[in-house]
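So this block is query.cif, mmCIF, C-alpha atoms and all ligand atoms:
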data_data
#
loop_
_atom_site.label_atom_id
_atom_site.label_comp_id
_atom_site.auth_asym_id
_atom_site.auth_seq_id
_atom_site.Cartn_x
_atom_site.Cartn_y
_atom_site.Cartn_z
CA MET Y 145 0.00 0.00 0.00
CA SER Y 146 1.31 3.45 -0.81
CA ALA Y 147 1.04 5.59 2.29
CA ASP Y 148 0.92 8.89 0.40
CA ARG Y 149 -2.43 9.73 1.86
CA LEU Y 150 -4.16 8.70 5.03
CA GLY Y 151 -7.96 8.55 5.28
CA ALA Y 152 -8.94 12.19 4.98
CA ARG Y 153 -8.13 13.65 1.57
CA PHE Y 154 -6.47 16.78 2.91
CA LEU Y 155 -4.14 14.90 5.23
CA GLN Y 156 -0.68 13.89 4.02
CA ASP Y 157 0.82 11.12 6.04
CA PRO Y 158 3.46 12.29 8.53
CA LEU Y 159 6.11 9.85 7.34
CA THR Y 160 5.99 11.09 3.73
CA ARG Y 161 6.07 14.64 5.08
CA ALA Y 162 9.18 13.85 7.10
CA PHE Y 163 10.96 12.48 3.99
CA SER Y 164 9.79 15.51 1.95
CA THR Y 165 11.29 17.86 4.54
CA VAL Y 166 14.64 16.08 4.28
CA LEU Y 167 14.49 16.35 0.48
CA ALA Y 168 13.75 20.08 0.63
CA ASP Y 169 16.51 20.68 3.20
CA VAL Y 170 19.13 18.80 1.17
CA ARG Y 171 18.00 20.44 -2.09
CA SER Y 172 18.63 23.87 -0.53
CA LEU Y 173 22.34 23.03 0.05
CA ASP Y 174 25.00 23.72 -2.54
CA LEU Y 175 26.76 20.34 -2.59
CA GLY Y 176 28.35 20.40 -6.03
CA GLY Y 177 29.38 17.20 -7.78
CA GLN Y 178 29.83 15.98 -11.34
CA VAL Y 179 27.59 13.71 -13.37
CA ALA Y 180 29.55 10.60 -14.47
CA ASP Y 181 30.48 10.67 -18.15
CA TYR Y 182 33.17 7.98 -18.46
CA ILE Y 183 30.34 5.82 -19.80
CA PRO Y 184 29.28 8.35 -22.46
CA GLU Y 185 25.55 7.63 -22.29
CA LEU Y 186 25.46 8.34 -18.53
CA ALA Y 187 26.05 12.04 -19.21
CA ASN Y 188 22.56 12.29 -20.77
CA VAL Y 189 20.65 12.48 -17.50
CA ASP Y 190 18.71 15.24 -15.78
CA ALA Y 191 21.32 16.43 -13.26
CA ASP Y 192 18.63 18.14 -11.15
CA ALA Y 193 16.51 15.03 -10.64
CA PHE Y 194 16.31 14.19 -6.93
CA GLY Y 195 14.15 11.53 -5.36
CA ILE Y 196 13.88 9.61 -2.09
CA ALA Y 197 11.87 6.49 -1.30
CA ALA Y 198 11.78 4.29 1.77
CA THR Y 199 10.02 0.96 2.22
CA SER Y 200 9.46 -0.56 5.63
CA ILE Y 201 9.57 -4.28 6.33
CA ALA Y 202 5.77 -4.05 6.57
CA GLY Y 203 5.84 -3.22 2.83
CA HIS Y 204 4.71 0.43 3.03
CA THR Y 205 6.51 2.88 0.74
CA TYR Y 206 7.07 6.58 1.39
CA ALA Y 207 8.23 8.41 -1.71
CA THR Y 208 9.02 12.03 -2.45
CA GLY Y 209 10.60 14.16 -5.20
CA ASP Y 210 11.54 12.45 -8.47
CA SER Y 211 11.07 9.04 -6.91
CA ALA Y 212 9.59 7.58 -10.11
CA THR Y 213 12.40 8.78 -12.43
CA THR Y 214 14.27 5.77 -13.79
CA PHE Y 215 18.04 5.49 -13.97
CA THR Y 216 20.53 2.67 -14.41
CA ILE Y 217 21.35 0.66 -11.32
CA GLN Y 218 25.11 0.44 -12.07
CA SER Y 219 27.14 -0.70 -9.06
CA ILE Y 220 24.07 -1.04 -6.86
CA SER Y 221 23.50 -4.30 -8.75
CA LYS Y 222 26.65 -5.71 -7.13
CA PRO Y 223 25.35 -6.61 -3.63
CA PHE Y 224 22.22 -8.16 -5.13
CA VAL Y 225 24.19 -10.27 -7.64
CA PHE Y 226 26.50 -11.22 -4.76
CA ALA Y 227 23.38 -12.40 -2.89
CA LEU Y 228 22.15 -14.47 -5.84
CA VAL Y 229 25.56 -16.07 -6.32
CA LEU Y 230 25.90 -16.89 -2.61
CA ALA Y 231 22.49 -18.54 -2.79
CA GLU Y 232 23.74 -20.63 -5.73
CA ILE Y 233 27.23 -21.68 -4.66
CA GLY Y 234 27.51 -20.95 -0.91
CA PHE Y 235 29.93 -18.77 1.02
CA ASP Y 236 32.87 -21.20 1.19
CA ARG Y 237 33.06 -21.69 -2.58
CA PHE Y 238 32.58 -17.96 -3.11
CA LEU Y 239 35.61 -17.26 -0.91
CA GLU Y 240 37.80 -19.36 -3.21
CA HIS Y 241 37.23 -16.67 -5.86
CA VAL Y 242 36.62 -13.32 -4.09
CA GLY Y 243 37.41 -11.98 -0.59
CA VAL Y 244 35.16 -9.98 1.71
CA GLU Y 245 37.71 -7.43 2.91
CA PRO Y 246 37.45 -3.66 2.46
CA SER Y 247 39.87 -2.58 -0.25
CA GLY Y 248 40.12 1.09 0.72
CA GLU Y 249 40.49 1.72 -3.01
CA ALA Y 250 38.48 3.24 -5.84
CA PHE Y 251 35.72 1.19 -7.43
CA ASN Y 252 37.74 0.35 -10.56
CA ALA Y 253 41.05 -0.41 -8.81
CA ILE Y 254 43.25 -3.31 -9.90
CA SER Y 255 42.67 -5.19 -6.69
CA PHE Y 256 43.95 -8.76 -6.29
CA ASP Y 257 45.25 -10.34 -3.07
CA ASP Y 258 48.08 -12.86 -2.70
CA ALA Y 259 45.70 -15.66 -3.64
CA GLY Y 260 44.76 -13.80 -6.84
CA ARG Y 261 41.30 -12.86 -5.54
CA PRO Y 262 39.72 -9.41 -5.77
CA ALA Y 263 39.31 -7.87 -2.31
CA ASN Y 264 35.50 -7.97 -2.25
CA PRO Y 265 32.43 -8.37 -4.49
CA LEU Y 266 31.52 -4.65 -4.42
CA ILE Y 267 34.50 -3.26 -6.33
CA ASN Y 268 34.52 -3.83 -10.09
CA ALA Y 269 37.17 -6.58 -10.11
CA GLY Y 270 35.24 -8.57 -7.48
CA ALA Y 271 31.85 -7.85 -9.01
CA ILE Y 272 32.93 -9.13 -12.43
CA VAL Y 273 34.25 -12.35 -10.88
CA THR Y 274 31.02 -12.61 -8.87
CA THR Y 275 28.98 -12.33 -12.07
CA SER Y 276 31.13 -15.06 -13.65
CA LEU Y 277 30.17 -17.33 -10.73
CA MET Y 278 26.46 -17.31 -11.63
CA PRO Y 279 26.04 -20.82 -13.02
CA ALA Y 280 25.00 -20.72 -16.71
CA THR Y 281 25.91 -22.29 -20.03
CA SER Y 282 26.08 -18.96 -21.89
CA ALA Y 283 26.53 -15.26 -21.21
CA ASP Y 284 22.89 -14.66 -22.22
CA GLU Y 285 21.64 -17.27 -19.77
CA ARG Y 286 23.88 -15.79 -17.06
CA PHE Y 287 22.36 -12.34 -17.52
CA ALA Y 288 18.82 -13.77 -17.72
CA ARG Y 289 19.32 -15.48 -14.36
CA ILE Y 290 20.72 -12.29 -12.85
CA ARG Y 291 17.88 -10.19 -14.22
CA ASP Y 292 15.28 -12.66 -12.92
CA GLY Y 293 16.89 -12.70 -9.48
CA LEU Y 294 17.14 -8.92 -9.21
CA SER Y 295 13.51 -8.70 -10.34
CA VAL Y 296 12.47 -10.80 -7.32
CA PHE Y 297 14.17 -8.23 -5.07
CA ALA Y 298 12.40 -5.40 -6.92
CA GLY Y 299 9.02 -7.16 -7.07
CA ARG Y 300 8.69 -6.47 -10.81
CA THR Y 301 10.45 -7.47 -14.02
CA LEU Y 302 13.36 -5.10 -14.57
CA ALA Y 303 14.19 -3.88 -18.09
CA ILE Y 304 17.57 -2.96 -19.52
CA ASP Y 305 18.56 0.46 -20.86
CA GLN Y 306 20.00 -0.74 -24.17
CA ARG Y 307 21.76 2.55 -24.91
CA VAL Y 308 23.63 2.57 -21.62
CA TYR Y 309 24.56 -1.08 -22.07
CA ASP Y 310 25.84 -0.48 -25.63
CA SER Y 311 27.74 2.58 -24.43
CA GLU Y 312 29.47 0.70 -21.60
CA SER Y 313 30.11 -2.37 -23.73
CA ARG Y 314 31.80 -0.13 -26.33
CA THR Y 315 33.99 1.67 -23.79
CA GLY Y 316 34.42 -0.78 -20.89
CA ASN Y 317 37.96 -1.90 -21.66
CA ARG Y 318 39.21 -1.37 -18.12
CA ASN Y 319 36.56 -3.79 -16.87
CA ARG Y 320 37.53 -6.29 -19.60
CA ALA Y 321 41.13 -5.86 -18.43
CA LEU Y 322 40.07 -6.63 -14.84
CA ALA Y 323 38.25 -9.74 -16.08
CA THR Y 324 41.36 -10.76 -18.04
CA LEU Y 325 43.53 -10.35 -14.93
CA ALA Y 326 41.05 -12.43 -12.95
CA LEU Y 327 41.24 -15.10 -15.66
CA SER Y 328 45.03 -15.07 -15.37
CA THR Y 329 44.95 -15.55 -11.57
CA GLY Y 330 42.48 -18.41 -11.98
CA VAL Y 331 39.49 -16.91 -10.15
CA LEU Y 332 37.24 -16.01 -13.11
CA ALA Y 333 34.66 -18.78 -13.56
CA SER Y 334 33.80 -18.00 -17.20
CA SER Y 335 35.38 -16.48 -20.29
CA VAL Y 336 36.19 -12.76 -20.19
CA ASP Y 337 33.13 -11.86 -22.30
CA GLY Y 338 31.02 -14.42 -20.44
CA ALA Y 339 31.54 -12.25 -17.33
CA ALA Y 340 32.02 -8.73 -18.73
CA GLU Y 341 28.93 -8.59 -20.95
CA PRO Y 342 26.43 -9.83 -18.31
CA TYR Y 343 28.15 -7.45 -15.87
CA PHE Y 344 27.61 -4.50 -18.23
CA GLN Y 345 23.99 -5.64 -18.69
CA GLN Y 346 23.29 -5.98 -14.96
CA CYS Y 347 24.67 -2.43 -14.49
CA SER Y 348 22.28 -1.16 -17.20
CA LEU Y 349 19.07 -2.37 -15.56
CA LEU Y 350 16.59 0.46 -15.11
CA ILE Y 351 15.20 1.17 -11.66
CA ASP Y 352 13.67 4.08 -9.75
CA THR Y 353 14.11 4.96 -6.08
CA ALA Y 354 10.96 3.05 -5.12
CA ASP Y 355 12.51 -0.09 -6.66
CA LEU Y 356 15.72 0.56 -4.75
CA ALA Y 357 13.81 1.01 -1.50
CA LEU Y 358 12.00 -2.30 -1.98
CA MET Y 359 15.22 -4.10 -2.94
CA GLY Y 360 16.83 -2.73 0.23
CA ALA Y 361 13.77 -3.61 2.29
CA THR Y 362 14.08 -7.20 1.06
CA LEU Y 363 17.58 -7.34 2.58
CA ALA Y 364 16.25 -5.58 5.71
CA ASN Y 365 13.50 -8.20 5.91
CA ASN Y 366 15.78 -11.27 6.10
CA GLY Y 367 15.65 -11.87 2.34
CA VAL Y 368 11.86 -11.82 1.85
CA ASN Y 369 10.35 -9.13 -0.38
CA PRO Y 370 7.94 -7.41 2.05
CA ARG Y 371 5.54 -6.38 -0.73
CA THR Y 372 5.22 -9.65 -2.66
CA GLY Y 373 6.06 -12.04 0.19
CA VAL Y 374 8.45 -13.88 -2.16
CA ARG Y 375 11.76 -15.00 -0.68
CA ALA Y 376 14.67 -13.69 -2.78
CA VAL Y 377 17.46 -15.28 -0.70
CA SER Y 378 17.85 -16.91 2.70
CA ALA Y 379 18.15 -14.87 5.89
CA GLU Y 380 21.76 -16.03 6.19
CA VAL Y 381 22.62 -14.77 2.68
CA ALA Y 382 20.91 -11.43 3.42
CA ARG Y 383 23.04 -11.15 6.56
CA HIS Y 384 26.26 -11.94 4.66
CA VAL Y 385 25.43 -9.30 2.04
CA LEU Y 386 24.64 -6.60 4.61
CA SER Y 387 27.88 -7.39 6.44
CA VAL Y 388 29.94 -6.89 3.28
CA MET Y 389 27.98 -3.74 2.39
CA SER Y 390 28.81 -2.35 5.85
CA ALA Y 391 32.53 -2.90 5.36
CA CYS Y 392 32.93 -2.17 1.64
CA GLY Y 393 29.77 -0.61 0.17
CA MET Y 394 31.03 2.94 -0.16
CA TYR Y 395 34.50 2.03 -1.45
CA ASP Y 396 37.31 4.16 0.02
CA ARG Y 397 34.67 6.09 1.95
CA SER Y 398 33.26 3.05 3.76
CA GLY Y 399 34.76 3.75 7.21
CA ASP Y 400 33.67 7.38 7.31
CA TRP Y 401 30.26 6.30 6.02
CA MET Y 402 29.72 3.81 8.83
CA VAL Y 403 30.66 6.42 11.42
CA ARG Y 404 28.46 9.19 10.03
CA VAL Y 405 25.54 7.22 8.58
CA GLY Y 406 25.78 3.76 10.07
CA MET Y 407 23.68 1.94 7.49
CA PRO Y 408 24.97 -0.73 5.09
CA ALA Y 409 24.76 0.93 1.68
CA LYS Y 410 25.80 0.74 -1.94
CA SER Y 411 26.19 3.54 -4.45
CA GLY Y 412 26.20 3.56 -8.24
CA VAL Y 413 27.66 5.99 -10.78
CA GLY Y 414 24.14 6.49 -12.16
CA GLY Y 415 23.48 8.60 -9.03
CA GLY Y 416 21.58 6.04 -6.94
CA ILE Y 417 22.32 4.82 -3.44
CA VAL Y 418 20.55 2.04 -1.58
CA ALA Y 419 20.83 1.95 2.21
CA VAL Y 420 19.44 -0.60 4.64
CA ALA Y 421 18.31 -0.24 8.23
CA PRO Y 422 18.15 -3.96 9.14
CA GLY Y 423 14.77 -5.00 10.48
CA GLU Y 424 13.34 -1.57 9.62
CA TYR Y 425 13.72 0.06 6.20
CA GLY Y 426 15.21 -0.05 2.75
CA ILE Y 427 15.96 3.43 1.43
CA GLY Y 428 16.64 4.52 -2.15
CA VAL Y 429 18.01 7.94 -3.10
CA PHE Y 430 18.72 9.31 -6.58
CA SER Y 431 20.61 12.44 -7.63
CA PRO Y 432 23.17 12.16 -10.46
CA PRO Y 433 26.00 14.59 -9.49
CA LEU Y 434 28.75 12.57 -7.79
CA ASP Y 435 31.33 13.60 -5.19
CA ALA Y 436 35.06 12.93 -5.49
CA PHE Y 437 34.55 9.34 -4.27
CA GLY Y 438 31.98 8.52 -6.96
CA ASN Y 439 28.99 8.64 -4.58
CA SER Y 440 25.92 10.85 -5.21
CA SER Y 441 26.59 14.13 -3.35
CA ARG Y 442 22.96 14.72 -2.45
CA GLY Y 443 22.47 11.01 -1.81
CA VAL Y 444 25.23 10.97 0.81
CA GLU Y 445 23.86 14.10 2.50
CA THR Y 446 20.30 12.73 2.41
CA LEU Y 447 21.28 9.50 4.10
CA ARG Y 448 23.39 11.30 6.69
CA THR Y 449 20.40 13.50 7.49
CA LEU Y 450 17.95 10.59 7.58
CA ALA Y 451 20.22 8.55 9.85
CA ALA Y 452 20.55 11.46 12.28
CA ARG Y 453 16.90 12.60 12.27
CA PHE Y 454 15.26 9.19 12.18
CA GLY Y 455 17.80 7.47 14.46
CA LEU Y 456 18.74 4.83 11.88
CA HIS Y 457 22.44 4.32 12.76
CA LEU Y 458 23.07 0.62 13.14
CA PHE Y 459 24.94 1.05 16.42
CA ARG Y 460 22.42 3.37 18.00
CA HIS Y 461 20.14 1.75 20.55
CA ALA Y 462 18.04 2.78 23.50
CA ASP Y 463 19.95 3.34 26.77
CA GLN Y 464 17.53 1.09 28.57
CA PRO Y 465 15.41 -1.29 26.50
CA GLY Y 466 11.74 -1.25 27.49
CA SER Y 467 10.64 -3.15 30.56
CA LEU Y 468 10.72 -6.88 29.84
CA VAL Y 469 10.03 -8.09 33.30
CA GLN Y 470 6.50 -6.76 33.46
CA ALA Y 471 5.87 -7.69 37.05
CA ILE Y 472 7.38 -9.63 39.92
CA GLU Y 473 4.85 -10.32 42.67
CA PHE Y 474 5.22 -12.15 45.96
CA ASP Y 475 2.18 -13.54 47.75
CA PRO Y 476 3.16 -14.44 51.37
CA GLU Y 477 -0.14 -16.28 51.98
CA THR Y 478 0.52 -18.89 49.34
CA ALA Y 479 4.32 -18.45 49.44
CA THR Y 480 4.22 -17.88 45.68
CA LEU Y 481 6.63 -15.78 43.64
CA SER Y 482 5.22 -14.80 40.22
CA VAL Y 483 7.41 -13.47 37.42
CA ARG Y 484 5.70 -12.08 34.31
CA VAL Y 485 7.87 -11.51 31.22
CA ARG Y 486 6.84 -9.94 27.91
CA GLY Y 487 8.17 -8.76 24.55
CA ALA Y 488 10.80 -10.03 22.14
CA LEU Y 489 13.73 -11.46 24.07
CA ASP Y 490 17.31 -11.16 22.92
CA PHE Y 491 20.67 -11.90 24.54
CA VAL Y 492 20.75 -8.91 26.87
CA ASP Y 493 17.08 -9.42 27.76
CA ALA Y 494 17.80 -12.93 29.00
CA GLU Y 495 20.40 -11.45 31.30
CA ARG Y 496 17.89 -8.98 32.76
CA VAL Y 497 15.20 -11.61 33.28
CA VAL Y 498 17.65 -13.97 35.00
CA HIS Y 499 19.12 -11.26 37.26
CA GLU Y 500 15.74 -9.83 38.30
CA THR Y 501 14.34 -13.31 38.99
CA LEU Y 502 17.36 -14.31 41.07
CA ALA Y 503 17.20 -11.03 43.03
CA ALA Y 504 13.50 -11.58 43.84
CA ALA Y 505 14.15 -15.23 44.71
CA THR Y 506 16.83 -14.16 47.19
CA ALA Y 507 14.57 -11.52 48.76
CA HIS Y 508 11.56 -13.74 49.46
CA GLU Y 509 10.74 -17.05 51.19
CA PHE Y 510 8.56 -18.96 48.73
CA THR Y 511 7.73 -22.50 47.76
CA THR Y 512 6.00 -21.96 44.40
CA LEU Y 513 7.43 -20.12 41.41
CA VAL Y 514 5.05 -19.06 38.65
CA PHE Y 515 6.90 -18.05 35.49
CA ASP Y 516 4.49 -16.39 33.07
CA LEU Y 517 5.78 -16.12 29.49
CA SER Y 518 2.38 -15.56 27.88
CA GLY Y 519 3.41 -12.02 26.86
CA VAL Y 520 6.60 -13.13 25.13
CA THR Y 521 6.35 -12.64 21.38
CA GLU Y 522 9.74 -14.00 20.37
CA ALA Y 523 12.87 -15.46 21.94
CA THR Y 524 16.13 -16.43 20.31
CA PRO Y 525 17.14 -20.10 20.79
CA PHE Y 526 19.85 -18.91 23.19
CA VAL Y 527 17.33 -17.07 25.38
CA ALA Y 528 14.96 -20.05 25.34
CA ARG Y 529 17.84 -22.30 26.44
CA VAL Y 530 18.87 -19.94 29.28
CA LEU Y 531 15.30 -19.59 30.63
CA HIS Y 532 14.79 -23.33 30.36
CA ASP Y 533 17.93 -23.87 32.43
CA LEU Y 534 16.71 -21.33 35.02
CA LEU Y 535 13.40 -23.16 35.42
CA GLU Y 536 14.97 -26.62 35.45
CA GLN Y 537 17.25 -25.55 38.30
CA ALA Y 538 14.33 -23.93 40.15
CA ARG Y 539 12.39 -27.21 39.93
CA SER Y 540 14.90 -28.92 42.24
CA ALA Y 541 13.99 -26.49 45.05
CA TYR Y 542 10.44 -25.22 44.33
CA THR Y 543 7.16 -26.11 42.70
CA VAL Y 544 7.45 -24.46 39.31
CA THR Y 545 4.56 -23.54 37.02
CA ALA Y 546 5.48 -22.24 33.58
CA VAL Y 547 2.74 -20.36 31.73
CA ASP Y 548 4.12 -20.75 28.24
CA PRO Y 549 1.42 -20.92 25.57
CA GLY Y 550 4.02 -20.42 22.79
CA GLY Y 551 6.09 -23.38 24.01
CA ILE Y 552 9.14 -21.11 24.12
CA VAL Y 553 10.73 -22.74 27.14
CA THR Y 554 8.56 -25.77 27.75
CA GLY Y 555 9.17 -26.83 24.14
CA ILE Y 556 12.84 -27.46 24.94
CA ARG Y 557 13.82 -30.95 25.98
O1 LIG Y 601 31.73 -0.86 -13.97
C1 LIG Y 601 31.40 0.30 -14.15
O2 LIG Y 601 32.24 1.15 -14.40
C2 LIG Y 601 29.95 0.70 -14.03
N1 LIG Y 601 29.10 -0.14 -14.78
C3 LIG Y 601 29.50 0.68 -12.62
C4 LIG Y 601 30.40 1.46 -11.71
C5 LIG Y 601 29.72 2.04 -10.53
O3 LIG Y 601 28.55 2.25 -10.46
C6 LIG Y 601 30.65 2.45 -9.47
N2 LIG Y 601 29.90 3.01 -8.37
N3 LIG Y 601 29.94 3.78 -7.58
#

Hey, can you dump this file as structure tokens for me?
Ligand code: DON
Amino acid sequence: MSADRLGARFLQDPLTRAFSTVLADVRSLDLGGQVADYIPELANVDADAFGIAATSIAGHTYATGDSATTFTIQSISKPFVFALVLAEIGFDRFLEHVGVEPSGEAFNAISFDDAGRPANPLINAGAIVTTSLMPATSADERFARIRDGLSVFAGRTLAIDQRVYDSESRTGNRNRALATLALSTGVLASSVDGAAEPYFQQCSLLIDTADLALMGATLANNGVNPRTGVRAVSAEVARHVLSVMSACGMYDRSGDWMVRVGMPAKSGVGGGIVAVAPGEYGIGVFSPPLDAFGNSSRGVETLRTLAARFGLHLFRHADQPGSLVQAIEFDPETATLSVRVRGALDFVDAERVVHETLAAATAHEFTTLVFDLSGVTEATPFVARVLHDLLEQARSAYTVTAVDPGGIVTGIR
């Protein structure tokens, strides 16, 4: 559902308004930048176009500015092709061909480690090898599989911009050279053209910021497209991809990016950036002028502003998570201690529940312990194991009643 309008016709939804304010604020800044022209056809874009879209893991999209203007995905295809290839061949086999280390170098650097592998799948050398790893019997089939896979992330069939593809194919000799070097070190899994042409094609797929937001939201949502409900990749693959995006997504700007923005992201020379707030949002931004590092100037500023205003930095968290131990009650008449727990329980939550229960158990003389988990919505296997252990130990000294309709703890044997 598009959340452009809520109920009443005059009322614009507050989330879209918040994104529109960010767009207006960033548009008012003089950020400079140059539209990429090393692929000649890329120079023919509207340099003023500026759009933002965000899609939550509930599948709602908030879009503002030129959010429906299409542009070529370019390097933003790389993390998604990396995801598709991981799903096909697994992480261990992937690592025989490409590393996952930040290169600290420009996107088109000649980057090969001692084992002959490119540093990571998000610089050109690594991305071309990654494309070669998509199993196929021909270059056409390889691209078809990549296009189909990226279309699952986007929730619609993506089309290619033939002119941009022809333009890059005509001029992309540095990328062919990188593929040739990868062939010489033994890591390229296809012929040079069998990797370079599908790579140029994947970079020429047309998307808009709403597509980018949904593709990012699919990574944010453990690999399931939150609009279509279709799984693009496993949760583990989505996690691997976000990890590599965190370390390497913004090339030689990746460290500064994680400090200032704190969202795994990937930029493209077409002017797009996708950023992911895991478990929350995918965000797409588009503005063609690029900064000295090859990242959209307005895109970088937009994501910095969004991260600060919306509190999206990955390492930001509440000082004190909400109350998980809802109530601890002691009834002296029946010598019963009741502990009521609620919410989604993670590692640190288990610690709080255990400590508060032990403190109450030390403070009171009781014979019956009632442990009420009916308000618990989710618990990691680790938390379930810890609470199970707590109750098993309590059983040796007290009468224990576990209220556990979800079988979170009582389901463990
Ligand atoms: O390989 C290239 O040169 C382009 N097709 C893609 C490069 C790119 O988007 C780099 N991104 N920031």

Taking all atoms listed in the file into account, produce a table as CSV in which each residue of chain Y with an atom at most 7 Å from an atom of ligand LIG 601 (chain Y) appears once, together with its shortest atom pair and the distance in Å to one decimal, ordered by chain and rising number.
residue,atom,partner,partner_atom,distance
Y:Gln218,CA,Y:LIG601,O3,4.2
Y:Ser219,CA,Y:LIG601,O3,3.6
Y:Ile220,CA,Y:LIG601,O3,6.6
Y:Phe251,CA,Y:LIG601,C6,5.6
Y:Asn252,CA,Y:LIG601,O2,6.8
Y:Asn268,CA,Y:LIG601,O1,5.6
Y:Glu312,CA,Y:LIG601,N1,6.9
Y:Asn319,CA,Y:LIG601,O1,6.4
Y:Phe344,CA,Y:LIG601,N1,5.8
Y:Cys347,CA,Y:LIG601,N1,5.0
Y:Ser411,CA,Y:LIG601,N3,4.9
Y:Gly412,CA,Y:LIG601,O3,3.5
Y:Val413,CA,Y:LIG601,O3,3.9
Y:Gly414,CA,Y:LIG601,O3,6.3
Y:Gly438,CA,Y:LIG601,N3,5.2
Y:Asn439,CA,Y:LIG601,N3,5.8

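Of the listed residues (Y:Val469, Y:Val225, Y:Leu535, Y:Ala326), Y:Leu535 comes nearest to Ile556 (chain Y); the distances count all atoms listed in the file.
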
Cut-off 10 Å around (35.3, 8.9, -5.4) with all atoms listed in the file: residues as a list in words: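 Residues with an atom at most 10 Å from (35.3, 8.9, -5.4): Glu249, Ala250, Phe251, Met394, Tyr395, Asp396, Arg397, Val413, Leu434, Asp435, Ala436, Phe437, Gly438, Asn439 and Ser440 of chain Y.
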
Within-12 Å shell of (45.3, -3.1, -8.9) in input frame, only C-alpha atoms, as a VMD selection string: chain Y and resid 247 to 258 260 to 263 267 to 270 318 to 319 321 to 322 325 to 326

Distance query Tyr309 (chain Y) at most 10 Å, all atoms listed in the file, self and fewer than 4 positions along chain excluded, as a VMD selection string: chain Y and resid 183 185 216 304 to 305 313 to 316 341 to 349

Shortest interatomic distance to Val374 (chain Y) - which of Y:Gly299, Y:Gly443, Y:Pro279, Y:Gly209, counting only C-alpha atoms: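 For Val374 (chain Y), the nearest of the given residues is Y:Gly299.
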
Atom pair CA of Leu534 (chain Y) / CA of Gly551 (chain Y): separation (Å):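 About the pair CA of Leu534 (chain Y) and CA of Gly551 (chain Y): they are 15.4 Å apart.
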
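Interatomic distance, CA of Glu232 (chain Y) to CA of Thr301 (chain Y): 20.5 Å.
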
Among listed residues Y:His384, Y:Arg289, Y:Arg404, Y:His241, nearest Ile272 (chain Y) (using all atoms listed in the file): Y:His241

Atomic distance CA of Phe454 (chain Y) - CA of Val485 (chain Y), expressed in Å with one decimal: 29.1 Å

Please provide the set of residues having any atom within 10 Å of Asp352 (chain Y), restricted to only C-alpha atoms, with same-chain residues fewer than 5 positions apart removed, written as a PDB file with C-alpha atoms, keeping the file's coordinate frame.
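Full text of result.pdb as output:
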ATOM      1  CA  GLY Y 195      14.150  11.530  -5.360  1.00  0.00           C
ATOM      2  CA  ILE Y 196      13.880   9.610  -2.090  1.00  0.00           C
ATOM      3  CA  ALA Y 197      11.870   6.490  -1.300  1.00  0.00           C
ATOM      4  CA  ASP Y 210      11.540  12.450  -8.470  1.00  0.00           C
ATOM      5  CA  SER Y 211      11.070   9.040  -6.910  1.00  0.00           C
ATOM      6  CA  ALA Y 212       9.590   7.580 -10.110  1.00  0.00           C
ATOM      7  CA  THR Y 213      12.400   8.780 -12.430  1.00  0.00           C
ATOM      8  CA  THR Y 214      14.270   5.770 -13.790  1.00  0.00           C
ATOM      9  CA  PHE Y 215      18.040   5.490 -13.970  1.00  0.00           C
ATOM     10  CA  THR Y 216      20.530   2.670 -14.410  1.00  0.00           C
ATOM     11  CA  ILE Y 217      21.350   0.660 -11.320  1.00  0.00           C
ATOM     12  CA  ALA Y 298      12.400  -5.400  -6.920  1.00  0.00           C
ATOM     13  CA  ALA Y 357      13.810   1.010  -1.500  1.00  0.00           C
ATOM     14  CA  GLY Y 416      21.580   6.040  -6.940  1.00  0.00           C
ATOM     15  CA  GLY Y 428      16.640   4.520  -2.150  1.00  0.00           C
ATOM     16  CA  VAL Y 429      18.010   7.940  -3.100  1.00  0.00           C
ATOM     17  CA  PHE Y 430      18.720   9.310  -6.580  1.00  0.00           C
TER      18      PHE Y 430
END

For Arg383 (chain Y): contacts at 8 Å, all atoms listed in the file, fewer than 4 positions along chain excluded, given as a PyMOL selection string: chain Y and resi 363+366+379+387

Long-range neighbours of Gln470 (chain Y) as a ChimeraX atom specification, 12 Å cut-off, all atoms listed in the file, 2 positions minimum in chain: /Y:466-468,472-473,482-487,496-497,500-501,515-520

Atoms to include: C-alpha atoms. Write the selected residues as a short mmCIF file (atom, residue, chain, number, x, y, z; two decimals), in the coordinates of the input.
data_model
loop_
_atom_site.label_atom_id
_atom_site.label_comp_id
_atom_site.auth_asym_id
_atom_site.auth_seq_id
_atom_site.Cartn_x
_atom_site.Cartn_y
_atom_site.Cartn_z
CA GLY Y 466 11.74 -1.25 27.49
CA SER Y 467 10.64 -3.15 30.56
CA LEU Y 468 10.72 -6.88 29.84
CA ILE Y 472 7.38 -9.63 39.92
CA GLU Y 473 4.85 -10.32 42.67
CA SER Y 482 5.22 -14.80 40.22
CA VAL Y 483 7.41 -13.47 37.42
CA ARG Y 484 5.70 -12.08 34.31
CA VAL Y 485 7.87 -11.51 31.22
CA ARG Y 486 6.84 -9.94 27.91
CA GLY Y 487 8.17 -8.76 24.55
CA ARG Y 496 17.89 -8.98 32.76
CA VAL Y 497 15.20 -11.61 33.28
CA GLU Y 500 15.74 -9.83 38.30
CA THR Y 501 14.34 -13.31 38.99
CA PHE Y 515 6.90 -18.05 35.49
CA ASP Y 516 4.49 -16.39 33.07
CA LEU Y 517 5.78 -16.12 29.49
CA SER Y 518 2.38 -15.56 27.88
CA GLY Y 519 3.41 -12.02 26.86
CA VAL Y 520 6.60 -13.13 25.13
#

Thr160 (chain Y) surroundings by all atoms listed in the file, 7 Å radius, close-in-sequence under 3 positions cut, as a list in words: Asp148, Asp157, Phe163, Ser164, Tyr206, Ala207 and Thr208 of chain Y
